[in-house]
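Everything below belongs to start18.txt, which stores compact mmCIF, C-alpha atoms.
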# COMPACT_ATOMS: atom_id res chain seq x y z
CA MET U 1 109.91 106.37 90.56
CA LYS U 2 106.16 106.99 90.66
CA ALA U 3 105.54 103.32 91.47
CA LEU U 4 108.18 103.41 94.20
CA ASN U 5 106.52 106.49 95.68
CA THR U 6 103.13 104.72 95.68
CA ILE U 7 104.64 101.65 97.33
CA LEU U 8 106.27 103.85 99.97
CA ILE U 9 102.95 105.55 100.68
CA LEU U 10 101.11 102.22 101.00
CA THR U 11 103.84 100.83 103.27
CA ALA U 12 103.61 103.93 105.44
CA ALA U 13 99.82 103.53 105.61
CA PHE U 14 100.18 99.87 106.64
CA LEU U 15 102.66 100.78 109.37
CA ALA U 16 100.57 103.75 110.48
CA VAL U 17 97.47 101.59 110.97
CA PHE U 18 99.51 99.00 112.84
CA GLY U 19 101.10 101.69 115.02
CA GLU U 20 97.71 103.20 115.86
CA ALA U 21 96.49 99.79 117.00
CA VAL U 22 99.56 98.78 118.99
CA LEU U 23 100.67 102.05 120.57
CA PRO U 24 97.89 103.39 122.78
CA GLY U 25 100.10 106.15 124.22
CA PHE U 26 98.19 109.03 122.64
CA HIS U 27 94.86 107.48 123.55
CA ASN U 28 95.87 107.05 127.19
CA TRP U 29 97.48 110.48 127.38
CA LEU U 30 95.10 112.69 125.38
CA GLY U 31 91.98 110.54 125.28
CA ALA U 32 92.10 110.13 121.50
CA GLN U 33 94.19 108.22 118.99
CA ILE U 34 95.61 110.28 116.12
CA ASP U 35 94.81 108.90 112.68
CA LEU U 36 97.65 109.38 110.19
CA LEU U 37 95.81 108.10 107.12
CA PRO U 38 94.20 111.48 106.19
CA ALA U 39 97.59 113.17 106.54
CA LEU U 40 99.12 110.51 104.27
CA MET U 41 96.26 111.07 101.87
CA VAL U 42 97.16 114.76 101.65
CA TYR U 43 100.75 113.83 100.76
CA ALA U 44 99.57 111.26 98.19
CA ALA U 45 97.12 113.73 96.64
CA LEU U 46 99.71 116.48 96.29
CA ASN U 47 102.77 114.49 95.33
CA ALA U 48 101.80 111.12 93.92
CA GLY U 49 98.67 111.33 91.79
CA THR U 50 95.26 109.77 91.30
CA THR U 51 96.41 106.14 91.30
CA ALA U 52 98.13 106.51 94.66
CA VAL U 53 95.10 108.32 96.09
CA THR U 54 92.77 105.54 94.91
CA LEU U 55 95.02 102.73 96.18
CA LEU U 56 95.57 104.47 99.51
CA ALA U 57 91.84 105.03 99.99
CA ILE U 58 91.02 101.38 99.23
CA PHE U 59 93.89 99.62 101.01
CA GLY U 60 94.32 102.11 103.85
CA GLY U 61 90.58 102.01 104.53
CA LEU U 62 90.48 98.22 104.44
CA TRP U 63 93.49 97.87 106.75
CA PHE U 64 92.05 100.35 109.22
CA ASP U 65 88.63 98.68 109.26
CA ALA U 66 90.17 95.21 109.58
CA LEU U 67 91.79 96.16 112.89
CA SER U 68 88.85 98.14 114.21
CA ALA U 69 85.23 97.34 114.97
CA ASN U 70 84.16 99.41 111.94
CA PRO U 71 82.21 97.52 109.30
CA LEU U 72 84.64 96.64 106.51
CA GLY U 73 84.91 99.32 103.83
CA VAL U 74 83.49 102.23 105.83
CA SER U 75 86.79 104.15 105.85
CA ILE U 76 87.34 103.94 102.07
CA LEU U 77 84.90 106.65 101.03
CA PRO U 78 85.91 109.27 103.66
CA LEU U 79 89.59 108.88 102.75
CA PHE U 80 88.87 109.18 99.04
CA THR U 81 86.55 112.14 99.61
CA VAL U 82 89.41 113.90 101.40
CA GLY U 83 92.10 113.03 98.89
CA PHE U 84 90.38 113.31 95.54
CA PRO U 85 89.52 117.07 95.54
CA ILE U 86 93.06 117.92 96.69
CA CYS U 87 94.52 115.77 93.93
CA TRP U 88 92.18 117.27 91.35
CA GLN U 89 93.06 120.85 92.25
CA ARG U 90 96.67 120.30 93.23
CA GLU U 91 98.07 122.63 90.57
CA LEU U 92 96.47 125.52 92.45
CA ILE U 93 97.92 124.53 95.85
CA LEU U 94 101.28 125.70 97.13
CA ARG U 95 102.28 122.21 98.10
CA ASP U 96 105.85 123.03 99.15
CA LEU U 97 104.83 125.43 101.90
CA PRO U 98 104.69 123.76 105.36
CA PHE U 99 101.85 126.13 106.29
CA ALA U 100 99.74 124.92 103.34
CA GLN U 101 100.56 121.32 104.28
CA PHE U 102 99.52 122.01 107.88
CA ILE U 103 96.18 123.56 106.85
CA LEU U 104 95.40 120.80 104.36
CA GLY U 105 96.35 118.16 106.96
CA ALA U 106 94.07 119.81 109.53
CA ALA U 107 91.18 119.95 107.07
CA ALA U 108 91.66 116.33 105.99
CA CYS U 109 92.01 115.03 109.56
CA ALA U 110 88.92 117.00 110.58
CA VAL U 111 86.71 115.87 107.70
CA ALA U 112 87.63 112.15 107.46
CA PRO U 113 86.48 111.04 110.97
CA VAL U 114 83.26 113.08 110.69
CA LEU U 115 82.44 111.37 107.39
CA SER U 116 83.26 107.95 108.88
CA VAL U 117 80.94 108.54 111.84
CA LEU U 118 78.19 109.84 109.52
CA LEU U 119 78.54 106.69 107.40
CA LEU U 120 78.38 104.52 110.53
CA LEU U 121 75.25 106.29 111.74
CA THR U 122 73.71 105.98 108.28
CA GLY U 123 74.44 102.25 108.36
CA GLY U 124 72.57 101.84 111.65
CA GLN U 125 75.67 101.44 113.82
CA GLN U 126 75.92 102.99 117.29
CA PRO U 127 79.40 104.43 117.70
CA LEU U 128 80.53 105.76 121.08
CA LEU U 129 79.69 109.47 120.83
CA GLY U 130 79.24 112.28 123.33
CA TRP U 131 80.62 115.69 124.28
CA GLY U 132 84.00 114.05 124.70
CA SER U 133 83.97 113.25 120.99
CA LEU U 134 84.45 116.96 120.33
CA TRP U 135 87.73 116.87 122.27
CA GLN U 136 88.75 113.69 120.41
CA TRP U 137 87.98 115.39 117.10
CA LEU U 138 90.12 118.41 118.07
CA VAL U 139 93.01 116.15 119.10
CA MET U 140 92.75 114.19 115.85
CA THR U 141 92.65 117.41 113.80
CA ALA U 142 95.57 119.03 115.60
CA GLY U 143 97.63 115.84 115.68
CA GLY U 144 97.03 115.08 112.01
CA ALA U 145 97.78 118.70 111.06
CA ALA U 146 101.10 118.60 112.93
CA ALA U 147 101.96 115.23 111.39
CA THR U 148 101.36 116.34 107.77
CA PRO U 149 104.47 118.59 107.31
CA ILE U 150 106.53 115.93 109.12
CA LEU U 151 105.29 113.30 106.66
CA PHE U 152 106.15 115.60 103.75
CA ALA U 153 109.67 116.03 105.16
CA LEU U 154 110.06 112.27 105.70
CA PHE U 155 108.89 111.40 102.20
CA GLY U 156 111.08 114.16 100.77
CA TRP U 157 114.06 112.60 102.51
CA CYS U 158 113.10 109.13 101.19
CA ASP U 159 112.69 110.60 97.71
CA ARG U 160 116.16 112.13 97.84
CA ALA U 161 117.69 108.96 99.27
CA LEU U 162 116.09 106.48 96.87
CA GLY U 163 115.42 108.45 93.69
CA TYR U 164 117.71 109.63 90.92
CA GLN U 165 118.95 113.14 91.53
CA PRO U 166 118.76 115.64 88.63
CA ARG U 167 122.17 116.27 87.09
CA THR U 168 123.59 119.59 88.14
CA GLU U 169 123.92 122.05 85.25
CA THR U 170 127.20 123.83 84.77
CA SER U 171 127.40 127.44 83.75
CA PHE U 172 129.56 126.41 80.76
CA ARG U 173 127.61 126.16 77.51
CA SER U 174 129.22 124.15 74.77
CA ASP U 175 127.43 126.12 72.00
CA ARG U 176 129.07 129.31 73.21
CA GLU U 177 132.58 127.83 73.11
CA ILE U 178 135.15 130.16 71.62
CA HIS U 179 137.26 128.34 69.06
CA ARG U 180 140.66 129.82 68.67
CA GLY U 181 142.90 129.47 65.69
CA ARG U 182 142.00 128.81 62.08
CA LYS U 183 139.07 126.69 61.00
CA MET C 1 89.35 119.90 83.54
CA PHE C 2 88.15 116.48 84.61
CA LYS C 3 90.53 113.92 83.12
CA GLN C 4 89.69 110.35 82.14
CA LYS C 5 92.02 109.12 84.90
CA ASN C 6 89.81 110.84 87.48
CA TYR C 7 86.73 109.05 86.16
CA ILE C 8 88.56 105.72 86.44
CA ALA C 9 89.60 106.52 90.03
CA LEU C 10 86.06 107.49 91.01
CA GLY C 11 84.70 104.35 89.39
CA ALA C 12 87.28 102.10 91.06
CA VAL C 13 86.53 103.45 94.55
CA ALA C 14 82.77 103.33 94.04
CA LEU C 15 83.03 99.77 92.71
CA ALA C 16 85.25 98.63 95.61
CA ALA C 17 82.91 100.19 98.20
CA LEU C 18 79.81 98.75 96.51
CA LEU C 19 81.38 95.28 96.26
CA ILE C 20 82.34 95.24 99.94
CA PHE C 21 79.03 96.65 101.17
CA SER C 22 77.03 94.15 99.10
CA LEU C 23 78.90 91.12 100.48
CA PRO C 24 76.96 88.90 102.91
CA SER C 25 77.95 89.46 106.54
CA SER C 26 79.70 86.06 106.85
CA ALA C 27 81.88 86.84 103.83
CA THR C 28 82.63 90.34 105.18
CA ILE C 29 83.74 88.88 108.51
CA ARG C 30 85.99 86.34 106.74
CA LEU C 31 87.45 89.05 104.50
CA LYS C 32 88.03 91.29 107.53
CA LEU C 33 89.84 88.51 109.35
CA ALA C 34 91.91 87.69 106.26
CA ILE C 35 92.98 91.33 105.88
CA GLY C 36 93.66 91.55 109.61
CA SER C 37 95.92 88.49 109.40
CA LEU C 38 98.27 90.51 107.14
CA PHE C 39 99.39 92.24 110.32
CA LEU C 40 100.34 88.97 112.05
CA PRO C 41 104.09 89.20 111.21
CA LEU C 42 104.16 92.71 112.63
CA PHE C 43 102.37 91.54 115.77
CA GLY C 44 105.03 88.83 116.13
CA LEU C 45 107.79 91.40 115.73
CA ALA C 46 106.15 93.76 118.23
CA ASN C 47 105.79 90.93 120.72
CA ALA C 48 109.44 89.94 120.29
CA ALA C 49 110.47 93.59 120.72
CA GLN C 50 108.43 93.81 123.92
CA GLN C 51 110.08 90.66 125.27
CA LEU C 52 113.63 91.92 124.61
CA PRO C 53 113.84 94.43 127.50
CA VAL C 54 112.17 91.91 129.81
CA ALA C 55 114.73 89.26 128.87
CA ALA C 56 117.55 91.78 129.30
CA ALA C 57 116.24 92.80 132.73
CA ASP C 58 115.92 89.12 133.70
CA SER C 59 119.51 88.41 132.78
CA ILE C 60 120.91 91.22 134.95
CA LEU C 61 118.71 90.61 138.00
CA PRO C 62 120.95 89.68 140.98
CA ARG C 63 120.61 86.20 142.50
CA ARG C 64 119.84 87.63 145.95
CA GLU C 65 116.85 89.47 144.52
CA LEU C 66 115.60 86.31 142.84
CA LEU C 67 115.90 84.30 146.06
CA LYS C 68 113.97 87.00 147.92
CA LYS C 69 111.21 86.88 145.31
CA ILE C 70 111.08 83.07 145.44
CA SER C 71 110.73 83.18 149.20
CA ALA C 72 107.89 85.75 148.97
CA LEU C 73 106.15 83.65 146.32
CA GLU C 74 106.50 80.49 148.45
CA ASN C 75 104.82 82.29 151.36
CA GLU C 76 102.04 83.55 149.10
CA ASN C 77 101.65 80.08 147.62
CA GLN C 78 101.20 78.52 151.08
CA GLN C 79 98.63 81.17 152.01
CA LEU C 80 96.72 80.57 148.77
CA ARG C 81 96.79 76.80 149.39
CA PHE C 82 95.13 77.30 152.77
CA GLU C 83 92.55 79.58 151.16
CA ALA C 84 91.96 76.99 148.41
CA MET C 85 91.46 74.29 151.07
CA GLN C 86 88.90 76.49 152.82
CA ALA C 87 87.22 77.28 149.50
CA ASN C 88 87.07 73.57 148.63
CA ALA C 89 85.42 72.81 151.97
CA THR C 90 82.89 75.60 151.39
CA GLU C 91 82.28 74.34 147.87
CA ARG C 92 81.62 70.78 149.11
CA GLU C 93 79.25 72.12 151.74
CA ASN C 94 77.53 74.28 149.11
CA GLU C 95 77.13 71.27 146.81
CA GLN C 96 75.66 69.16 149.63
CA LEU C 97 73.17 71.90 150.55
CA ARG C 98 72.24 72.38 146.89
CA ALA C 99 71.68 68.61 146.55
CA GLN C 100 69.51 68.58 149.68
CA LEU C 101 67.40 71.46 148.34
CA GLY C 102 67.24 69.91 144.87
CA TRP C 103 68.91 72.90 143.23
CA GLN C 104 70.85 72.66 139.98
CA LYS C 105 74.55 71.86 140.39
CA GLN C 106 76.90 74.80 139.83
CA THR C 107 79.65 74.28 137.30
CA ALA C 108 83.13 75.57 138.02
CA TRP C 109 84.56 78.31 135.82
CA ARG C 110 87.05 77.18 133.18
CA MET C 111 89.33 79.97 132.10
CA LYS C 112 92.14 80.61 129.62
CA LEU C 113 94.70 83.37 129.88
CA ALA C 114 95.10 85.66 126.86
CA ASN C 115 97.42 88.53 126.00
CA VAL C 116 95.98 91.79 124.71
CA VAL C 117 97.75 92.37 121.39
CA MET C 118 96.12 95.56 120.11
CA ARG C 119 93.46 98.19 120.70
CA ASP C 120 90.88 99.61 118.33
CA PRO C 121 92.50 102.37 116.26
CA ALA C 122 89.12 104.13 115.90
CA ASN C 123 88.15 106.49 118.71
CA TRP C 124 84.45 105.63 118.53
CA TRP C 125 84.78 101.96 119.52
CA ARG C 126 86.13 100.36 122.68
CA THR C 127 87.56 97.00 121.64
CA VAL C 128 90.81 95.08 122.01
CA GLN C 129 92.20 91.99 120.29
CA ILE C 130 93.53 89.01 122.22
CA ASP C 131 95.84 86.20 121.12
CA LEU C 132 93.29 83.39 121.57
CA GLY C 133 91.13 82.27 118.67
CA SER C 134 88.94 79.48 117.41
CA ARG C 135 91.89 77.04 117.61
CA ASP C 136 91.81 77.60 121.41
CA GLY C 137 88.07 76.97 121.59
CA VAL C 138 87.09 80.64 121.83
CA ARG C 139 83.72 81.52 120.36
CA GLU C 140 81.52 84.60 120.22
CA ASN C 141 79.94 86.04 123.38
CA LEU C 142 82.28 84.38 125.88
CA PRO C 143 82.83 86.63 128.92
CA VAL C 144 86.28 88.17 129.38
CA LEU C 145 87.57 89.27 132.80
CA THR C 146 90.60 89.95 134.93
CA THR C 147 91.13 89.24 138.61
CA ASP C 148 89.74 92.75 139.28
CA GLY C 149 86.46 92.24 137.45
CA LEU C 150 84.56 92.20 134.18
CA VAL C 151 86.30 93.36 130.99
CA GLY C 152 83.82 92.57 128.22
CA ARG C 153 82.76 89.84 125.83
CA VAL C 154 84.19 88.15 122.74
CA PHE C 155 82.77 89.92 119.69
CA SER C 156 84.34 88.11 116.73
CA VAL C 157 86.71 85.17 116.45
CA ASN C 158 89.59 84.50 114.08
CA PHE C 159 91.72 81.33 113.94
CA ALA C 160 94.42 82.77 116.19
CA ARG C 161 92.92 86.02 117.50
CA SER C 162 89.62 87.34 118.82
CA GLN C 163 88.11 90.77 119.15
CA VAL C 164 86.81 91.64 122.60
CA VAL C 165 84.27 94.40 122.99
CA LEU C 166 84.87 96.16 126.32
CA VAL C 167 82.38 97.24 128.96
CA GLY C 168 81.33 100.78 128.05
CA ASP C 169 81.16 100.13 124.30
CA PRO C 170 77.67 100.47 122.82
CA ASN C 171 77.94 96.83 121.64
CA CYS C 172 78.51 95.48 125.16
CA LYS C 173 75.45 95.83 127.34
CA VAL C 174 75.58 94.02 130.67
CA SER C 175 72.74 93.26 133.04
CA ALA C 176 74.07 94.32 136.43
CA LEU C 177 73.01 94.08 140.05
CA VAL C 178 73.79 96.52 142.87
CA GLU C 179 74.81 94.81 146.11
CA ASN C 180 72.45 96.72 148.42
CA SER C 181 69.41 95.82 150.49
CA THR C 182 67.01 96.14 147.53
CA HIS C 183 69.29 94.39 144.97
CA ASP C 184 68.55 96.99 142.30
CA MET C 185 69.11 95.83 138.76
CA GLY C 186 69.97 97.81 135.64
CA ILE C 187 71.77 97.73 132.32
CA LEU C 188 75.37 98.88 131.95
CA THR C 189 75.80 101.14 128.94
CA ALA C 190 78.40 103.58 127.68
CA SER C 191 78.81 106.87 129.53
CA GLY C 192 81.16 108.84 127.31
CA PRO C 193 84.01 108.45 124.86
CA LEU C 194 86.74 110.09 126.95
CA ASP C 195 86.80 108.46 130.40
CA ASN C 196 86.84 104.70 129.97
CA SER C 197 86.85 104.08 133.74
CA LEU C 198 83.22 105.26 134.09
CA VAL C 199 80.13 103.58 132.66
CA GLU C 200 76.44 104.29 133.10
CA LEU C 201 74.06 101.94 134.89
CA SER C 202 70.64 102.74 133.40
CA TYR C 203 67.07 101.55 133.82
CA LEU C 204 67.31 101.22 137.60
CA SER C 205 63.93 101.59 139.28
CA GLY C 206 62.90 105.12 140.29
CA SER C 207 62.97 104.12 143.96
CA ALA C 208 66.43 102.52 143.82
CA ASN C 209 68.35 102.84 147.07
CA LEU C 210 71.78 103.78 145.72
CA LYS C 211 74.75 105.08 147.66
CA PRO C 212 78.29 105.85 146.49
CA GLY C 213 80.65 102.93 147.04
CA GLN C 214 78.07 100.16 146.67
CA ASN C 215 79.39 97.23 144.67
CA VAL C 216 77.99 96.38 141.25
CA ILE C 217 78.17 92.79 139.96
CA SER C 218 76.83 90.95 136.92
CA SER C 219 73.27 89.78 137.50
CA GLY C 220 73.45 86.59 135.43
CA LEU C 221 70.50 87.69 133.31
CA GLY C 222 70.97 87.98 129.58
CA GLY C 223 72.65 84.62 129.11
CA ILE C 224 76.19 85.85 128.44
CA PHE C 225 77.74 86.86 131.75
CA PRO C 226 77.41 84.50 134.74
CA LYS C 227 76.18 85.97 138.00
CA GLY C 228 78.62 87.45 140.48
CA ILE C 229 81.43 88.88 138.35
CA PRO C 230 82.52 92.14 140.04
CA ILE C 231 82.09 95.19 137.80
CA GLY C 232 82.67 98.32 139.89
CA GLN C 233 81.31 100.73 142.46
CA ILE C 234 78.52 103.30 142.32
CA VAL C 235 79.85 106.87 142.05
CA ASP C 236 76.59 108.84 141.99
CA ALA C 237 73.00 108.47 140.85
CA SER C 238 70.32 110.77 139.45
CA PRO C 239 66.69 110.43 138.37
CA VAL C 240 66.07 110.32 134.62
CA GLU C 241 62.95 111.08 132.55
CA PHE C 242 61.18 112.95 135.38
CA GLY C 243 61.96 110.21 137.90
CA LEU C 244 60.69 107.37 135.72
CA TYR C 245 63.95 105.53 136.30
CA THR C 246 67.33 106.14 137.87
CA ALA C 247 70.72 106.19 136.19
CA ALA C 248 73.98 105.81 138.09
CA ARG C 249 77.60 106.27 137.17
CA VAL C 250 79.77 103.24 137.95
CA LYS C 251 83.53 103.33 138.37
CA LEU C 252 84.91 100.14 136.86
CA ASN C 253 87.19 97.91 138.91
CA VAL C 254 89.30 97.12 135.85
CA ASN C 255 91.55 99.77 134.31
CA LEU C 256 90.59 99.27 130.65
CA GLY C 257 93.36 101.60 129.47
CA SER C 258 96.17 99.36 130.69
CA LEU C 259 94.92 95.87 129.92
CA GLU C 260 97.74 93.46 129.21
CA GLN C 261 96.39 90.03 130.12
CA VAL C 262 92.79 88.89 130.43
CA TRP C 263 90.97 85.64 131.18
CA VAL C 264 88.41 84.19 128.79
CA LEU C 265 85.69 82.41 130.70
CA PHE C 266 84.38 79.14 129.25
CA PRO C 267 80.97 77.89 130.41

As structure tokens, please, write out the structure in this file.
Amino acid sequence: MKALNTILILTAAFLAVFGEAVLPGFHNWLGAQIDLLPALMVYAALNAGTTAVTLLAIFGGLWFDALSANPLGVSILPLFTVGFPICWQRELILRDLPFAQFILGAAACAVAPVLSVLLLLTGGQQPLLGWGSLWQWLVMTAGGAAATPILFALFGWCDRALGYQPRTETSFRSDREIHRGRK
Amino acid sequence: MFKQKNYIALGAVALAALLIFSLPSSATIRLKLAIGSLFLPLFGLANAAQQLPVAAADSILPRRELLKKISALENENQQLRFEAMQANATERENEQLRAQLGWQKQTAWRMKLANVVMRDPANWWRTVQIDLGSRDGVRENLPVLTTDGLVGRVFSVNFARSQVVLVGDPNCKVSALVENSTHDMGILTASGPLDNSLVELSYLSGSANLKPGQNVISSGLGGIFPKGIPIGQIVDASPVEFGLYTAARVKLNVNLGSLEQVWVLFP
């Protein structure tokens, strides 16, 4: 089940990157494309574990960079930096609350692009930056934050549809059975 | 508590990043193209899905409408033929005059039509990918345009696809010429990440005679873009660095947000 969950997360990341590249609706409408990878990373960190976080950071980052003008590998570290602390401290996070998911999604979607741009600048690249980038950052943060609880709901539905359901317990306990008659 | 699994995860990510960053640039480009080609089946599916409504609309279009369109196209075709005849005559005359003056012969533009298949998912780059690659003879730095004007240049080439960096991206600097009495020249650079219809024309001389609405074309300097490709119109201009030079905002002729088909220009 854990492997299936990881595969589902990676498939979602692959489709998310493809969707971001092919559907420019958000970019044309709001001036910024919403990145779903940090939101997926939050889900993977809270519900799937370290292996999924590592695989998502490596493969998600590579897929994203392959379709963009980013140097290959630049997106790996920001994604992992976002996912790893959440995964490490996930026992302390109320992961089932949509509000917590929203806040974590907002934080992840705010931090990941900033780290990517910092890495690009450190590597001597000249990304397109200006005052408008602030608006783009806000759109990415808000969009990613809104998408995180939706992703949790979608994965929850997939989990229920594809996974084994726990057997329902009956109130009858066999050890408390009253035997009538002689032994 | 920091578990052993966490150490392994940290190590794996650090190793992957180090390996990729230490690769030579040629290997990185090849790896990038190989990873990008994983998306090819999805691109095929998306293309087929886009064609479906078009095919459905074609099948229900009434015959009368089609005949009307054919008639309009025939008229346009005749008009264009006359214009082509005139252009041919002008071209012959131009060639004769060039020969008389001993000027170098101008070569005609060879172009190939390409479909835009995707846009850059990152907000800090302005690139698109087209469905022409090295198998079609595309190579780096070829100019890309539409009938409205300049779009950009080919940045990297795959077997079946190429990445085009658009005008306004920091990686696409164009030497441009203002069509005014003083023929002021400058460099087109990015103006901002939000509005992709405006770019900045920098390094114009401090005494540049700029007025809104003046046409901007490629100057032919720089070796990538031939002279005379329309780029846009001047919106406004202002002195920069205490009047050392002038910078102007240029409204692009091409709507970069809705690119569907572009022409790759072969020298």

Task: Spatial neighbours of Gly163 in chain U, 10 Å, all atoms listed in the file, chain gap at least 6 places, as a PyMOL selection string - done: chain U and resi 1-2+4-5+157

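Counting all atoms listed in the file, range 101-117 of chain C has the following residues at most 6 Å away, ignoring those fewer than 2 positions along the same chain: C:Arg98, C:Ala99, C:Gln129, C:Ile130, C:Asp131, C:Glu260, C:Gln261, C:Val262, C:Trp263, C:Val264, C:Leu265, C:Phe266.
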
Between chain U and chain C, at 8 Å or less, what are the per-residue closest atom pairs and their distances in Å? Count only C-alpha atoms, order by chain and rising residue number, and return it as a Markdown table.
| residue | atom | partner | partner_atom | distance |
| --- | --- | --- | --- | --- |
| U:Val17 | CA | C:Pro121 | CA | 7.3 |
| U:Phe18 | CA | C:Phe39 | CA | 7.2 |
| U:Glu20 | CA | C:Pro121 | CA | 5.3 |
| U:Ala21 | CA | C:Pro121 | CA | 4.8 |
| U:Val22 | CA | C:Met118 | CA | 4.8 |
| U:Leu23 | CA | C:Met118 | CA | 7.9 |
| U:Pro24 | CA | C:Arg119 | CA | 7.1 |
| U:Asn28 | CA | C:Gly257 | CA | 6.4 |
| U:Gly31 | CA | C:Leu194 | CA | 5.5 |
| U:Ala32 | CA | C:Asn123 | CA | 6.1 |
| U:Gln33 | CA | C:Asn123 | CA | 6.3 |
| U:Asp35 | CA | C:Pro121 | CA | 7.8 |
| U:Thr50 | CA | C:Ala9 | CA | 6.6 |
| U:Thr51 | CA | C:Ala9 | CA | 6.9 |
| U:Thr54 | CA | C:Ala9 | CA | 5.9 |
| U:Ala57 | CA | C:Val13 | CA | 7.8 |
| U:Ile58 | CA | C:Val13 | CA | 6.8 |
| U:Leu62 | CA | C:Ile35 | CA | 7.5 |
| U:Trp63 | CA | C:Ile35 | CA | 6.6 |
| U:Phe64 | CA | C:Pro121 | CA | 7.3 |
| U:Asp65 | CA | C:Lys32 | CA | 7.6 |
| U:Ala66 | CA | C:Lys32 | CA | 4.9 |
| U:Leu67 | CA | C:Gly36 | CA | 6.0 |
| U:Ser68 | CA | C:Asp120 | CA | 4.8 |
| U:Ala69 | CA | C:Trp125 | CA | 6.5 |
| U:Asn70 | CA | C:Ala122 | CA | 7.9 |
| U:Leu72 | CA | C:Lys32 | CA | 6.4 |
| U:Gly73 | CA | C:Ala17 | CA | 6.0 |
| U:Val74 | CA | C:Ala17 | CA | 7.9 |
| U:Ile76 | CA | C:Ala17 | CA | 7.0 |
| U:Leu77 | CA | C:Ala17 | CA | 7.3 |
| U:Phe80 | CA | C:Val13 | CA | 7.6 |
| U:Trp88 | CA | C:Asn6 | CA | 7.9 |
| U:Gln126 | CA | C:Pro170 | CA | 6.3 |
| U:Pro127 | CA | C:Trp124 | CA | 5.3 |
| U:Leu128 | CA | C:Trp124 | CA | 4.7 |
| U:Leu129 | CA | C:Pro193 | CA | 6.0 |
| U:Gly130 | CA | C:Gly192 | CA | 5.6 |
| U:Trp131 | CA | C:Gly192 | CA | 7.5 |
| U:Gly132 | CA | C:Leu194 | CA | 5.3 |
| U:Ser133 | CA | C:Pro193 | CA | 6.2 |
| U:Gln136 | CA | C:Asn123 | CA | 7.4 |

Next, the residues of the selection above should be written as an mmCIF file, in the coordinates of the input with C-alpha atoms.
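Okay, this is what ended up in result-v3.cif:
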data_model
loop_
_atom_site.group_PDB
_atom_site.id
_atom_site.type_symbol
_atom_site.label_atom_id
_atom_site.label_comp_id
_atom_site.auth_asym_id
_atom_site.auth_seq_id
_atom_site.Cartn_x
_atom_site.Cartn_y
_atom_site.Cartn_z
ATOM 1 C CA VAL U 17 97.470 101.590 110.970
ATOM 2 C CA PHE U 18 99.510 99.000 112.840
ATOM 3 C CA GLU U 20 97.710 103.200 115.860
ATOM 4 C CA ALA U 21 96.490 99.790 117.000
ATOM 5 C CA VAL U 22 99.560 98.780 118.990
ATOM 6 C CA LEU U 23 100.670 102.050 120.570
ATOM 7 C CA PRO U 24 97.890 103.390 122.780
ATOM 8 C CA ASN U 28 95.870 107.050 127.190
ATOM 9 C CA GLY U 31 91.980 110.540 125.280
ATOM 10 C CA ALA U 32 92.100 110.130 121.500
ATOM 11 C CA GLN U 33 94.190 108.220 118.990
ATOM 12 C CA ASP U 35 94.810 108.900 112.680
ATOM 13 C CA THR U 50 95.260 109.770 91.300
ATOM 14 C CA THR U 51 96.410 106.140 91.300
ATOM 15 C CA THR U 54 92.770 105.540 94.910
ATOM 16 C CA ALA U 57 91.840 105.030 99.990
ATOM 17 C CA ILE U 58 91.020 101.380 99.230
ATOM 18 C CA LEU U 62 90.480 98.220 104.440
ATOM 19 C CA TRP U 63 93.490 97.870 106.750
ATOM 20 C CA PHE U 64 92.050 100.350 109.220
ATOM 21 C CA ASP U 65 88.630 98.680 109.260
ATOM 22 C CA ALA U 66 90.170 95.210 109.580
ATOM 23 C CA LEU U 67 91.790 96.160 112.890
ATOM 24 C CA SER U 68 88.850 98.140 114.210
ATOM 25 C CA ALA U 69 85.230 97.340 114.970
ATOM 26 C CA ASN U 70 84.160 99.410 111.940
ATOM 27 C CA LEU U 72 84.640 96.640 106.510
ATOM 28 C CA GLY U 73 84.910 99.320 103.830
ATOM 29 C CA VAL U 74 83.490 102.230 105.830
ATOM 30 C CA ILE U 76 87.340 103.940 102.070
ATOM 31 C CA LEU U 77 84.900 106.650 101.030
ATOM 32 C CA PHE U 80 88.870 109.180 99.040
ATOM 33 C CA TRP U 88 92.180 117.270 91.350
ATOM 34 C CA GLN U 126 75.920 102.990 117.290
ATOM 35 C CA PRO U 127 79.400 104.430 117.700
ATOM 36 C CA LEU U 128 80.530 105.760 121.080
ATOM 37 C CA LEU U 129 79.690 109.470 120.830
ATOM 38 C CA GLY U 130 79.240 112.280 123.330
ATOM 39 C CA TRP U 131 80.620 115.690 124.280
ATOM 40 C CA GLY U 132 84.000 114.050 124.700
ATOM 41 C CA SER U 133 83.970 113.250 120.990
ATOM 42 C CA GLN U 136 88.750 113.690 120.410
#

- [ ] For Ala142 in chain U, please output as an MDAnalysis selection string all residues within 7 Å (counting only C-alpha atoms; exclusion window: fewer than 4 positions along the same chain).
- [x] chainID U and resid 106 138 146

Export C-alpha atoms of the chosen residues as an mmCIF file, in the coordinates of the input?
data_model
loop_
_atom_site.group_PDB
_atom_site.id
_atom_site.type_symbol
_atom_site.label_atom_id
_atom_site.label_comp_id
_atom_site.auth_asym_id
_atom_site.auth_seq_id
_atom_site.Cartn_x
_atom_site.Cartn_y
_atom_site.Cartn_z
ATOM 1 C CA ALA U 106 94.070 119.810 109.530
ATOM 2 C CA LEU U 138 90.120 118.410 118.070
ATOM 3 C CA ALA U 146 101.100 118.600 112.930
#

TODO: Just give me the gap between CA of Ala107 in chain U and CA of Ala153 in chain U in Å, one decimal is fine.
DONE: 19.0 Å
